[in-house]
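Trainee: This is the content of target38.txt (compact mmCIF, C-alpha atoms and all ligand atoms):
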```
# COMPACT_ATOMS: atom_id res chain seq x y z
CA MET A 33 -15.45 -35.74 39.34
CA ARG A 34 -16.41 -32.90 41.66
CA GLN A 35 -17.30 -29.50 40.28
CA THR A 36 -14.63 -27.89 42.47
CA ASP A 37 -12.00 -29.86 40.54
CA VAL A 38 -12.72 -27.91 37.35
CA VAL A 39 -9.57 -26.07 36.20
CA MET A 40 -11.00 -24.64 33.03
CA SER A 41 -14.57 -24.23 31.86
CA ILE A 42 -15.68 -22.85 28.53
CA SER A 43 -19.24 -21.90 27.63
CA ASN A 44 -20.77 -21.28 24.23
CA ILE A 45 -17.54 -20.45 22.46
CA ARG A 46 -18.13 -19.27 18.91
CA LYS A 47 -15.57 -18.29 16.33
CA SER A 48 -15.88 -17.55 12.64
CA TYR A 49 -13.35 -16.41 10.10
CA ARG A 50 -14.52 -13.84 7.60
CA ALA A 51 -13.11 -12.24 4.51
CA PRO A 52 -14.90 -10.79 1.49
CA GLY A 53 -16.79 -13.72 -0.03
CA TYR A 54 -15.59 -16.08 2.71
CA LYS A 55 -17.13 -17.12 5.99
CA VAL A 56 -16.29 -20.21 7.99
CA GLU A 57 -17.88 -21.00 11.33
CA ALA A 58 -14.84 -22.69 12.87
CA LEU A 59 -16.52 -23.16 16.29
CA LYS A 60 -20.31 -23.01 16.56
CA SER A 61 -21.10 -23.16 20.28
CA VAL A 62 -18.64 -25.21 22.22
CA SER A 63 -18.89 -25.84 25.97
CA PHE A 64 -17.05 -28.25 28.26
CA ASP A 65 -15.13 -28.50 31.53
CA LEU A 66 -11.58 -29.69 32.05
CA HIS A 67 -10.91 -31.18 35.50
CA LYS A 68 -7.71 -31.22 37.53
CA GLY A 69 -5.52 -34.10 36.35
CA GLU A 70 -7.89 -34.96 33.49
CA PHE A 71 -6.63 -35.96 30.07
CA ILE A 72 -9.07 -35.04 27.26
CA ALA A 73 -8.36 -36.18 23.71
CA VAL A 74 -9.93 -34.16 20.89
CA MET A 75 -10.61 -35.95 17.61
CA GLY A 76 -12.28 -34.77 14.43
CA THR A 77 -11.96 -34.36 10.71
CA SER A 78 -9.54 -31.89 9.23
CA GLY A 79 -11.06 -28.41 9.41
CA SER A 80 -13.48 -29.32 12.24
CA GLY A 81 -12.12 -26.55 14.50
CA LYS A 82 -9.65 -28.43 16.73
CA SER A 83 -6.73 -26.04 16.34
CA THR A 84 -9.03 -23.03 16.61
CA LEU A 85 -10.29 -24.46 19.92
CA LEU A 86 -6.79 -24.99 21.32
CA ASN A 87 -5.69 -21.52 20.26
CA ILE A 88 -8.67 -19.99 22.06
CA LEU A 89 -8.14 -22.13 25.19
CA GLY A 90 -4.56 -20.85 25.26
CA ALA A 91 -5.67 -17.25 24.59
CA LEU A 92 -3.61 -17.17 21.39
CA ASP A 93 -6.82 -16.26 19.60
CA ASN A 94 -10.07 -14.67 20.79
CA PRO A 95 -13.60 -16.03 20.30
CA ASP A 96 -16.46 -13.96 18.84
CA GLU A 97 -18.69 -15.02 21.72
CA GLY A 98 -18.56 -17.14 24.83
CA SER A 99 -16.65 -17.19 28.06
CA MET A 100 -13.84 -19.03 29.76
CA VAL A 101 -13.50 -19.53 33.52
CA VAL A 102 -10.09 -20.60 34.78
CA LYS A 103 -9.59 -21.90 38.33
CA GLY A 104 -12.95 -20.37 39.24
CA ILE A 105 -12.06 -16.92 37.95
CA LYS A 106 -13.89 -15.27 35.08
CA ASN A 107 -11.79 -12.54 33.53
CA ALA A 108 -13.57 -10.67 30.72
CA ASN A 109 -10.17 -9.47 29.48
CA ILE A 110 -8.54 -12.88 29.29
CA PHE A 111 -8.30 -12.76 25.49
CA ASN A 112 -6.85 -9.23 25.42
CA GLU A 113 -3.30 -8.12 26.17
CA PRO A 114 -1.68 -7.89 28.63
CA ASP A 115 -4.00 -10.33 30.42
CA ALA A 116 -3.68 -12.99 27.69
CA THR A 117 0.11 -13.18 28.03
CA PHE A 118 -0.13 -13.25 31.82
CA PHE A 119 -2.76 -16.00 31.69
CA ARG A 120 -0.59 -18.11 29.36
CA GLY A 121 2.50 -17.65 31.52
CA GLU A 122 0.65 -18.77 34.63
CA ASN A 123 -1.48 -21.57 33.24
CA ILE A 124 -0.60 -22.97 29.84
CA GLY A 125 2.07 -25.16 28.30
CA PHE A 126 1.80 -25.57 24.52
CA ILE A 127 3.08 -28.51 22.50
CA PHE A 128 2.75 -28.31 18.73
CA GLN A 129 3.22 -30.81 15.91
CA SER A 130 6.31 -28.95 14.75
CA TYR A 131 8.58 -28.78 17.74
CA ASN A 132 9.36 -25.03 17.38
CA LEU A 133 12.72 -25.32 19.15
CA LEU A 134 15.36 -22.61 18.84
CA LYS A 135 18.08 -24.22 16.76
CA ASP A 136 21.01 -22.20 18.11
CA LEU A 137 20.23 -23.10 21.71
CA THR A 138 21.15 -26.37 23.41
CA VAL A 139 18.56 -28.78 24.82
CA GLU A 140 18.92 -27.36 28.33
CA GLU A 141 18.77 -23.77 27.07
CA ASN A 142 15.59 -24.48 25.09
CA ILE A 143 13.98 -26.01 28.18
CA ALA A 144 15.16 -23.15 30.42
CA LEU A 145 13.79 -20.41 28.15
CA PRO A 146 10.36 -19.91 29.82
CA LEU A 147 12.12 -19.64 33.21
CA ILE A 148 14.62 -17.09 31.88
CA LEU A 149 11.70 -15.04 30.53
CA LYS A 150 10.15 -15.18 34.01
CA ASP A 151 13.39 -13.93 35.65
CA VAL A 152 13.83 -17.07 37.73
CA LYS A 153 17.22 -17.15 39.52
CA ALA A 154 20.05 -19.08 37.83
CA HIS A 155 20.51 -21.71 40.56
CA GLU A 156 16.76 -22.37 40.60
CA ILE A 157 16.77 -22.73 36.79
CA GLU A 158 19.63 -25.23 37.01
CA LYS A 159 17.70 -27.31 39.57
CA LEU A 160 14.41 -27.28 37.64
CA VAL A 161 16.03 -28.04 34.28
CA SER A 162 18.02 -30.99 35.70
CA ARG A 163 14.86 -32.44 37.20
CA MET A 164 13.01 -32.00 33.89
CA LEU A 165 15.86 -33.60 31.88
CA ALA A 166 15.53 -36.66 34.13
CA LEU A 167 11.74 -36.76 33.71
CA ILE A 168 11.96 -36.65 29.90
CA GLY A 169 15.00 -38.92 29.76
CA LEU A 170 17.41 -36.51 28.06
CA GLU A 171 20.10 -36.03 30.70
CA LYS A 172 22.85 -37.23 28.35
CA TRP A 173 21.71 -34.84 25.64
CA ARG A 174 21.57 -31.61 27.62
CA ARG A 175 24.34 -29.89 25.67
CA HIS A 176 23.23 -31.06 22.23
CA ARG A 177 21.46 -28.85 19.74
CA PRO A 178 18.08 -29.74 18.18
CA VAL A 179 19.58 -30.78 14.78
CA GLN A 180 21.61 -33.47 16.57
CA LEU A 181 18.43 -35.11 17.91
CA SER A 182 15.78 -37.42 16.47
CA GLY A 183 12.19 -36.21 15.99
CA GLY A 184 11.06 -37.98 19.15
CA GLN A 185 13.88 -36.46 21.18
CA GLN A 186 13.08 -32.99 19.83
CA GLN A 187 9.44 -33.42 20.83
CA ARG A 188 10.61 -34.41 24.33
CA VAL A 189 12.54 -31.16 24.52
CA ALA A 190 9.38 -29.31 23.45
CA ILE A 191 7.46 -31.12 26.21
CA GLY A 192 10.17 -30.22 28.72
CA ARG A 193 9.94 -26.58 27.70
CA ALA A 194 6.12 -26.63 27.90
CA LEU A 195 6.17 -28.14 31.41
CA ILE A 196 9.15 -26.42 33.00
CA THR A 197 7.03 -23.68 34.60
CA SER A 198 4.61 -26.33 35.97
CA PRO A 199 1.59 -24.95 34.10
CA PRO A 200 -1.65 -26.55 35.33
CA ILE A 201 -2.87 -27.08 31.74
CA ILE A 202 -1.11 -28.65 28.76
CA LEU A 203 -2.50 -27.96 25.29
CA ALA A 204 -1.04 -30.29 22.66
CA ASP A 205 -2.02 -29.97 18.98
CA GLU A 206 -1.21 -33.28 17.24
CA PRO A 207 2.10 -33.63 19.13
CA THR A 208 2.71 -37.10 17.71
CA GLY A 209 1.59 -36.23 14.18
CA ASN A 210 5.13 -36.17 12.76
CA LEU A 211 6.38 -39.27 14.57
CA ASP A 212 6.42 -42.98 13.73
CA PHE A 213 4.38 -45.45 15.78
CA ASN A 214 7.05 -46.36 18.34
CA THR A 215 8.24 -42.81 18.89
CA SER A 216 4.68 -41.58 19.11
CA ASN A 217 4.00 -44.18 21.79
CA GLU A 218 7.11 -43.16 23.65
CA ILE A 219 6.10 -39.47 23.64
CA LEU A 220 2.65 -40.37 24.81
CA HIS A 221 4.12 -42.25 27.76
CA VAL A 222 6.29 -39.28 28.65
CA LEU A 223 3.08 -37.20 28.80
CA LEU A 224 1.20 -39.87 30.79
CA ASP A 225 4.09 -40.15 33.21
CA LEU A 226 4.06 -36.39 33.76
CA LYS A 227 0.29 -36.44 34.21
CA GLU A 228 0.74 -39.14 36.85
CA LYS A 229 3.60 -37.41 38.67
CA LEU A 230 2.47 -33.78 38.38
CA ASN A 231 -1.33 -34.22 38.15
CA GLN A 232 -1.26 -32.23 34.94
CA SER A 233 -4.50 -31.53 33.05
CA ILE A 234 -4.06 -32.22 29.34
CA ILE A 235 -6.04 -31.46 26.20
CA LEU A 236 -4.53 -33.26 23.25
CA VAL A 237 -5.63 -33.21 19.61
CA THR A 238 -5.00 -36.45 17.76
CA HIS A 239 -6.31 -38.39 14.77
CA ASP A 240 -4.97 -41.64 16.24
CA PRO A 241 -7.52 -43.77 18.18
CA GLN A 242 -4.62 -45.60 19.88
CA VAL A 243 -3.43 -42.29 21.32
CA ALA A 244 -6.97 -41.19 22.23
CA ALA A 245 -7.54 -44.48 24.12
CA PHE A 246 -5.03 -43.29 26.76
CA ALA A 247 -7.22 -40.30 27.59
CA ASP A 248 -9.88 -40.14 30.30
CA ARG A 249 -12.40 -38.73 27.83
CA VAL A 250 -12.57 -38.20 24.08
CA LEU A 251 -14.47 -35.32 22.46
CA PHE A 252 -15.39 -35.71 18.79
CA PHE A 253 -15.58 -32.59 16.66
CA HIS A 254 -17.33 -32.09 13.36
CA ASP A 255 -17.95 -28.76 11.61
CA GLY A 256 -17.19 -26.71 14.70
CA ASP A 257 -19.39 -28.69 17.10
CA ILE A 258 -18.83 -31.41 19.68
CA VAL A 259 -20.90 -34.19 18.11
CA ASP A 260 -20.00 -37.10 20.36
CA GLU A 261 -18.08 -38.05 23.50
CA HIS A 262 -16.50 -41.20 24.87
CA ILE A 263 -15.53 -41.86 28.49
CA CYS A 264 -12.55 -44.24 28.58
CA ILE A 265 -12.67 -47.14 31.00
CA ASP A 266 -10.81 -50.09 29.50
CA LYS A 267 -8.11 -49.17 26.98
CA ASP A 268 -8.54 -52.13 24.60
CA LYS A 269 -12.30 -51.93 24.39
CA ASP A 270 -12.13 -48.13 24.29
CA MET A 271 -10.03 -48.17 21.14
CA GLU A 272 -12.74 -50.01 19.22
CA SER A 273 -15.47 -47.62 20.37
CA ILE A 274 -13.29 -44.61 19.65
CA LEU A 275 -12.56 -45.85 16.15
CA LEU A 276 -16.25 -46.48 15.50
CA LYS A 277 -17.31 -43.10 16.86
CA PHE A 278 -14.55 -41.37 14.90
CA LYS A 279 -15.63 -43.06 11.66
CA HIS A 280 -19.22 -42.14 12.39
CA THR A 281 -18.16 -38.52 13.04
CA MET A 282 -16.45 -38.36 9.66
CA ARG A 283 -19.53 -39.51 7.78
CA PRO A 284 -21.15 -36.57 6.00
CA LYS A 285 -24.46 -35.54 7.55
CA PRO A 286 -27.53 -36.53 5.47
P1 LIG B 1 -8.58 -28.42 12.44
O1 LIG B 1 -7.47 -28.07 13.37
O2 LIG B 1 -9.65 -29.26 13.05
O3 LIG B 1 -8.09 -29.03 11.18
P2 LIG B 1 -8.95 -25.54 12.23
O4 LIG B 1 -9.36 -25.10 13.56
O5 LIG B 1 -7.54 -25.30 11.81
O6 LIG B 1 -9.34 -27.07 12.02
O7 LIG B 1 -9.89 -24.82 11.14
C1 LIG B 1 -11.31 -24.78 11.24
C2 LIG B 1 -11.87 -24.05 10.03
O8 LIG B 1 -11.50 -22.69 10.09
C3 LIG B 1 -11.34 -24.56 8.70
O9 LIG B 1 -12.37 -24.48 7.75
C4 LIG B 1 -10.22 -23.60 8.38
O10 LIG B 1 -10.03 -23.48 6.98
C5 LIG B 1 -10.73 -22.30 8.97
N1 LIG B 1 -9.63 -21.43 9.44
C6 LIG B 1 -8.74 -21.73 10.43
N2 LIG B 1 -7.88 -20.71 10.65
C7 LIG B 1 -8.24 -19.73 9.76
C8 LIG B 1 -7.75 -18.41 9.49
N3 LIG B 1 -6.74 -17.89 10.17
N4 LIG B 1 -8.37 -17.70 8.52
C9 LIG B 1 -9.42 -18.20 7.84
N5 LIG B 1 -9.94 -19.43 8.04
C10 LIG B 1 -9.37 -20.20 9.00
MG MG B 2 -5.40 -28.47 13.28
```
Before we go any further, please render this structure as structure tokens.

Mentor:
Amino acid sequence: MRQTDVVMSISNIRKSYRAPGYKVEALKSVSFDLHKGEFIAVMGTSGSGKSTLLNILGALDNPDEGSMVVKGIKNANIFNEPDATFFRGENIGFIFQSYNLLKDLTVEENIALPLILKDVKAHEIEKLVSRMLALIGLEKWRRHRPVQLSGGQQQRVAIGRALITSPPIILADEPTGNLDFNTSNEILHVLLDLKEKLNQSIILVTHDPQVAAFADRVLFFHDGDIVDEHICIDKDKDMESILLKFKHTMRPKP
């Protein structure tokens, strides 16, 4: 991929958590580029820094050191308000393991929320939400509330909400972690379909090699470092290599 296609580039990101008698180096010195339309899967043991990474990429948290360049622009204030909120609004769609939907709002209202917060006009909201409902296959459910939906359907609503503002970057932290195999597969295909249609760049944390095999590239984390990488070429063969590399990653260092 060409260098000009880089949408987000991070260099030497470090983050530790400290309290009296407690210090964890959650990220040691992490650098990588995300390209336009690229799907990166992040795998690693529990506590290896995956969520910390995603929170920093989405400017929900700030690193101790390091820099982030987005669409060629380096903003030293990106992790501070009000720039952080502005950056998120323009660039990032988050999908979490817990769907974080507002239970008193209908499906279409949940999806419309980011547009309402951006003061988009009502007729434009109606158009965008209808298109999104078709993309995520929930047209018949638009007036239902989250409790009336299955886990997979709720996660689709969360995806719809994350993508409704057409953010160039999707950050997904174990989005299929609460779902059974079939539903998880279904959600993954919704994401892949959106990547195909909207050329979305995606960074997705998963512990499932079958999910990671759909990515273009897999980064393996251990103890706050990227310790291995896999470029995906052929899904079936990739899964085996991913599983092997993941197992190797989990082995304690001698
Ligand atoms: P992962 O998502 O890979 O499981 P995390 O990024 O959540 O890992 O955590 C990385 C390390 O940082 C872990 O050791 C975790 O206990 C620690 N950590 C994460 N968030 C905090 C926090 N807010 N305060 C203190 N320690 C934290
Ligand atoms: Mg995590």

Trainee: Would you name the residues within 7 Å of ligand LIG 1 (chain B), counting all atoms listed in the file, and put them as a PDB file with C-alpha atoms, keeping the file's coordinate frame?

Mentor:
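The new file part_14.pdb reads:
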```
ATOM      1  CA  TYR A  49     -13.350 -16.410  10.100  1.00  0.00           C
ATOM      2  CA  ARG A  50     -14.520 -13.840   7.600  1.00  0.00           C
ATOM      3  CA  VAL A  56     -16.290 -20.210   7.990  1.00  0.00           C
ATOM      4  CA  GLU A  57     -17.880 -21.000  11.330  1.00  0.00           C
ATOM      5  CA  ALA A  58     -14.840 -22.690  12.870  1.00  0.00           C
ATOM      6  CA  GLY A  76     -12.280 -34.770  14.430  1.00  0.00           C
ATOM      7  CA  THR A  77     -11.960 -34.360  10.710  1.00  0.00           C
ATOM      8  CA  SER A  78      -9.540 -31.890   9.230  1.00  0.00           C
ATOM      9  CA  GLY A  79     -11.060 -28.410   9.410  1.00  0.00           C
ATOM     10  CA  SER A  80     -13.480 -29.320  12.240  1.00  0.00           C
ATOM     11  CA  GLY A  81     -12.120 -26.550  14.500  1.00  0.00           C
ATOM     12  CA  LYS A  82      -9.650 -28.430  16.730  1.00  0.00           C
ATOM     13  CA  SER A  83      -6.730 -26.040  16.340  1.00  0.00           C
ATOM     14  CA  THR A  84      -9.030 -23.030  16.610  1.00  0.00           C
ATOM     15  CA  LEU A  85     -10.290 -24.460  19.920  1.00  0.00           C
TER      16      LEU A  85
END
```

Trainee: From the set A:Gly183, A:Pro146, A:Gly209, A:Pro200, which residue has the shortest atom-to-atom contact distance to Met40 of chain A, counting only C-alpha atoms?

Mentor: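 Answer, going by the shortest atom-to-atom distance: A:Pro200.
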
Trainee: Residues around (6.3, -35.7, 27.0), cut-off 12 Å, counting all atoms listed in the file - what are they as an mmCIF file with C-alpha atoms, keeping the file's coordinate frame?

Mentor:
```cif
data_model
loop_
_atom_site.group_PDB
_atom_site.id
_atom_site.type_symbol
_atom_site.label_atom_id
_atom_site.label_comp_id
_atom_site.auth_asym_id
_atom_site.auth_seq_id
_atom_site.Cartn_x
_atom_site.Cartn_y
_atom_site.Cartn_z
ATOM 1 C CA GLY A 125 2.070 -25.160 28.300
ATOM 2 C CA PHE A 126 1.800 -25.570 24.520
ATOM 3 C CA ILE A 127 3.080 -28.510 22.500
ATOM 4 C CA PHE A 128 2.750 -28.310 18.730
ATOM 5 C CA TYR A 131 8.580 -28.780 17.740
ATOM 6 C CA MET A 164 13.010 -32.000 33.890
ATOM 7 C CA LEU A 165 15.860 -33.600 31.880
ATOM 8 C CA ALA A 166 15.530 -36.660 34.130
ATOM 9 C CA LEU A 167 11.740 -36.760 33.710
ATOM 10 C CA ILE A 168 11.960 -36.650 29.900
ATOM 11 C CA GLY A 169 15.000 -38.920 29.760
ATOM 12 C CA LEU A 170 17.410 -36.510 28.060
ATOM 13 C CA GLY A 184 11.060 -37.980 19.150
ATOM 14 C CA GLN A 185 13.880 -36.460 21.180
ATOM 15 C CA GLN A 186 13.080 -32.990 19.830
ATOM 16 C CA GLN A 187 9.440 -33.420 20.830
ATOM 17 C CA ARG A 188 10.610 -34.410 24.330
ATOM 18 C CA VAL A 189 12.540 -31.160 24.520
ATOM 19 C CA ALA A 190 9.380 -29.310 23.450
ATOM 20 C CA ILE A 191 7.460 -31.120 26.210
ATOM 21 C CA GLY A 192 10.170 -30.220 28.720
ATOM 22 C CA ARG A 193 9.940 -26.580 27.700
ATOM 23 C CA ALA A 194 6.120 -26.630 27.900
ATOM 24 C CA LEU A 195 6.170 -28.140 31.410
ATOM 25 C CA ILE A 196 9.150 -26.420 33.000
ATOM 26 C CA ILE A 202 -1.110 -28.650 28.760
ATOM 27 C CA LEU A 203 -2.500 -27.960 25.290
ATOM 28 C CA ALA A 204 -1.040 -30.290 22.660
ATOM 29 C CA PRO A 207 2.100 -33.630 19.130
ATOM 30 C CA THR A 208 2.710 -37.100 17.710
ATOM 31 C CA THR A 215 8.240 -42.810 18.890
ATOM 32 C CA SER A 216 4.680 -41.580 19.110
ATOM 33 C CA ASN A 217 4.000 -44.180 21.790
ATOM 34 C CA GLU A 218 7.110 -43.160 23.650
ATOM 35 C CA ILE A 219 6.100 -39.470 23.640
ATOM 36 C CA LEU A 220 2.650 -40.370 24.810
ATOM 37 C CA HIS A 221 4.120 -42.250 27.760
ATOM 38 C CA VAL A 222 6.290 -39.280 28.650
ATOM 39 C CA LEU A 223 3.080 -37.200 28.800
ATOM 40 C CA LEU A 224 1.200 -39.870 30.790
ATOM 41 C CA ASP A 225 4.090 -40.150 33.210
ATOM 42 C CA LEU A 226 4.060 -36.390 33.760
ATOM 43 C CA LYS A 227 0.290 -36.440 34.210
ATOM 44 C CA GLU A 228 0.740 -39.140 36.850
ATOM 45 C CA GLN A 232 -1.260 -32.230 34.940
ATOM 46 C CA ILE A 234 -4.060 -32.220 29.340
ATOM 47 C CA LEU A 236 -4.530 -33.260 23.250
#
```

Trainee: For Ile235 of chain A, which of A:Ile258, A:Met271, A:Ile201, A:Ala91 is the closest residue, counting all atoms listed in the file?

Mentor: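 Under the stated criterion, the closest residue is A:Ile201.
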
Trainee: Can you work out the spacing between atom CA of Glu171 of chain A and atom CA of Ile148 of chain A in Å, to one decimal?

Mentor: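 Distance reported for this atom pair: 19.8 Å.
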
Trainee: Could you pull the residues within 9 Å of Ile72 of chain A, counting all atoms listed in the file, minus those fewer than 6 positions along the same chain, as a PyMOL selection string?

Mentor: chain A and resi 66+233-237+244+247-251

Trainee: Between atom CA of Val39 of chain A and atom CA of Lys103 of chain A, what is the spacing in Å?

Mentor: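 Calculated distance between atom CA of Lys103 of chain A and atom CA of Val39 of chain A is 4.7 Å.
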
Trainee: Return the single residue from A:Leu211, A:Pro52, A:Gly121, A:Asn231 that is closest to His67 of chain A, with distances computed using all atoms listed in the file.

Mentor: A:Asn231

Trainee: Can you work out the spacing between atom CA of Leu59 of chain A and atom CA of Asp257 of chain A in Å, to one decimal?

Mentor: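 Interatomic distance here is 6.3 Å.
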
Trainee: For ligand MG 2 (chain B), which residue out of A:Glu261, A:Asp205, A:Asn123, A:Ser130 is the nearest one, using only C-alpha atoms and all ligand atoms?

Mentor: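 Counting only C-alpha atoms and all ligand atoms, the residue closest to ligand MG 2 (chain B) is A:Asp205.
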